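Student: Structure below; questions to follow.
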Amino acid sequence: MRLLATAGALLLPAAGPAAAESAPPRFVMACAPCHGFDGKGHDPSIPNLAGQSAIYLYNQMAAFRAGARRHSPMDFFAGQMTAQEMQEIAAYYAGLAR
């Protein structure tokens with residue numbers, strides 16, 4: 001149910017251009033329940049993303065999207081993102097302190 005609520009929130013329009021400059025990418029709202037806004041997983045089974053290589057993070061999302069990696073929530077969310085959104089998420093988490 002939480003996944004559906006989060007997915008519904010993603011359909012809302014993004015805030016104006018001024019908010020986009022200071023706000024994290026919009027898909028962080030989908031990632032944060034598990035990976036945190038700080039990029040640190042809230043459970044030992046959830047990987048920490050903070051400070052990881054942006055290329056690595058992007059490639060992992062692309063693998064979920066393509067079906068090369070399987071994890072139901074990640075398959076769903078990666079399938080909803082554009083390549084640009086995956087790049088923004090990767091850059092956001094890569095820029096956080098470990």
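By convention here, the chains of the structure tokens are called A, B, ... in the order presented, each chain's residues are numbered starting at 1, and ligands are numbered starting at 1 in the order presented.
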For Cys34 in chain A, find every residue with an atom within 12 Å (counting only C-alpha atoms), except residues of its own chain fewer than 4 positions away, and show them as a PyMOL selection string.

Tutor: chain A and resi 2-3+6+28-30+38-49+73-74

Student: Can you tell me which residues surround Arg65 in chain A at a distance of at most 7 Å, considering only C-alpha atoms, apart from same-chain residues fewer than 2 positions away, and format the answer as a list in words?

Tutor: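 Skipping anything fewer than 2 positions along the chain leaves Met61, Ala62, Ala63, Gly67, Asp75, Ala78 and Gly79 of chain A.
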
Student: Residues of the last selection are to be written out with N, CA and C atoms, as a PDB file, in the first residue's frame.

Tutor:
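Produced file result-v4.pdb, reproduced below:
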```
ATOM      1  N   MET A  61      20.275   1.294 -11.348  1.00  0.00           N
ATOM      2  CA  MET A  61      18.882   1.614 -11.696  1.00  0.00           C
ATOM      3  C   MET A  61      18.549   1.130 -13.103  1.00  0.00           C
ATOM      4  N   ALA A  62      19.501   1.300 -14.023  1.00  0.00           N
ATOM      5  CA  ALA A  62      19.279   0.835 -15.395  1.00  0.00           C
ATOM      6  C   ALA A  62      19.124  -0.687 -15.432  1.00  0.00           C
ATOM      7  N   ALA A  63      19.872  -1.396 -14.602  1.00  0.00           N
ATOM      8  CA  ALA A  63      19.759  -2.856 -14.552  1.00  0.00           C
ATOM      9  C   ALA A  63      18.393  -3.277 -14.010  1.00  0.00           C
ATOM     10  N   GLY A  67      15.502  -5.263 -16.180  1.00  0.00           N
ATOM     11  CA  GLY A  67      15.208  -6.611 -15.708  1.00  0.00           C
ATOM     12  C   GLY A  67      16.440  -7.454 -15.466  1.00  0.00           C
ATOM     13  N   ASP A  75      12.275  -2.549  -9.314  1.00  0.00           N
ATOM     14  CA  ASP A  75      11.821  -2.782 -10.690  1.00  0.00           C
ATOM     15  C   ASP A  75      10.745  -1.764 -11.051  1.00  0.00           C
ATOM     16  N   ALA A  78      12.268   2.089 -10.950  1.00  0.00           N
ATOM     17  CA  ALA A  78      13.193   2.316 -12.058  1.00  0.00           C
ATOM     18  C   ALA A  78      12.443   2.332 -13.386  1.00  0.00           C
ATOM     19  N   GLY A  79      11.392   1.530 -13.477  1.00  0.00           N
ATOM     20  CA  GLY A  79      10.586   1.511 -14.693  1.00  0.00           C
ATOM     21  C   GLY A  79       9.781   2.783 -14.904  1.00  0.00           C
TER      22      GLY A  79
END
```

Student: Hey, what's within 12 Å of Gln87 in chain A if we count only C-alpha atoms and toss same-chain stuff fewer than 3 positions away? As a count of residues only, please?

Tutor: 23

Student: Which residue, A:Phe64, A:Phe77, A:Ile89, A:Gln52, has the smallest gap to Pro24 in chain A when you use only C-alpha atoms?

Tutor: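 Closest to Pro24 in chain A, using only C-alpha atoms: A:Ile89.
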
Student: Would you work out the distance separating CA of Ala68 in chain A from CA of His35 in chain A, expressed in Å to one decimal?

Tutor: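 Separation between CA of Ala68 in chain A and CA of His35 in chain A: 20.7 Å.
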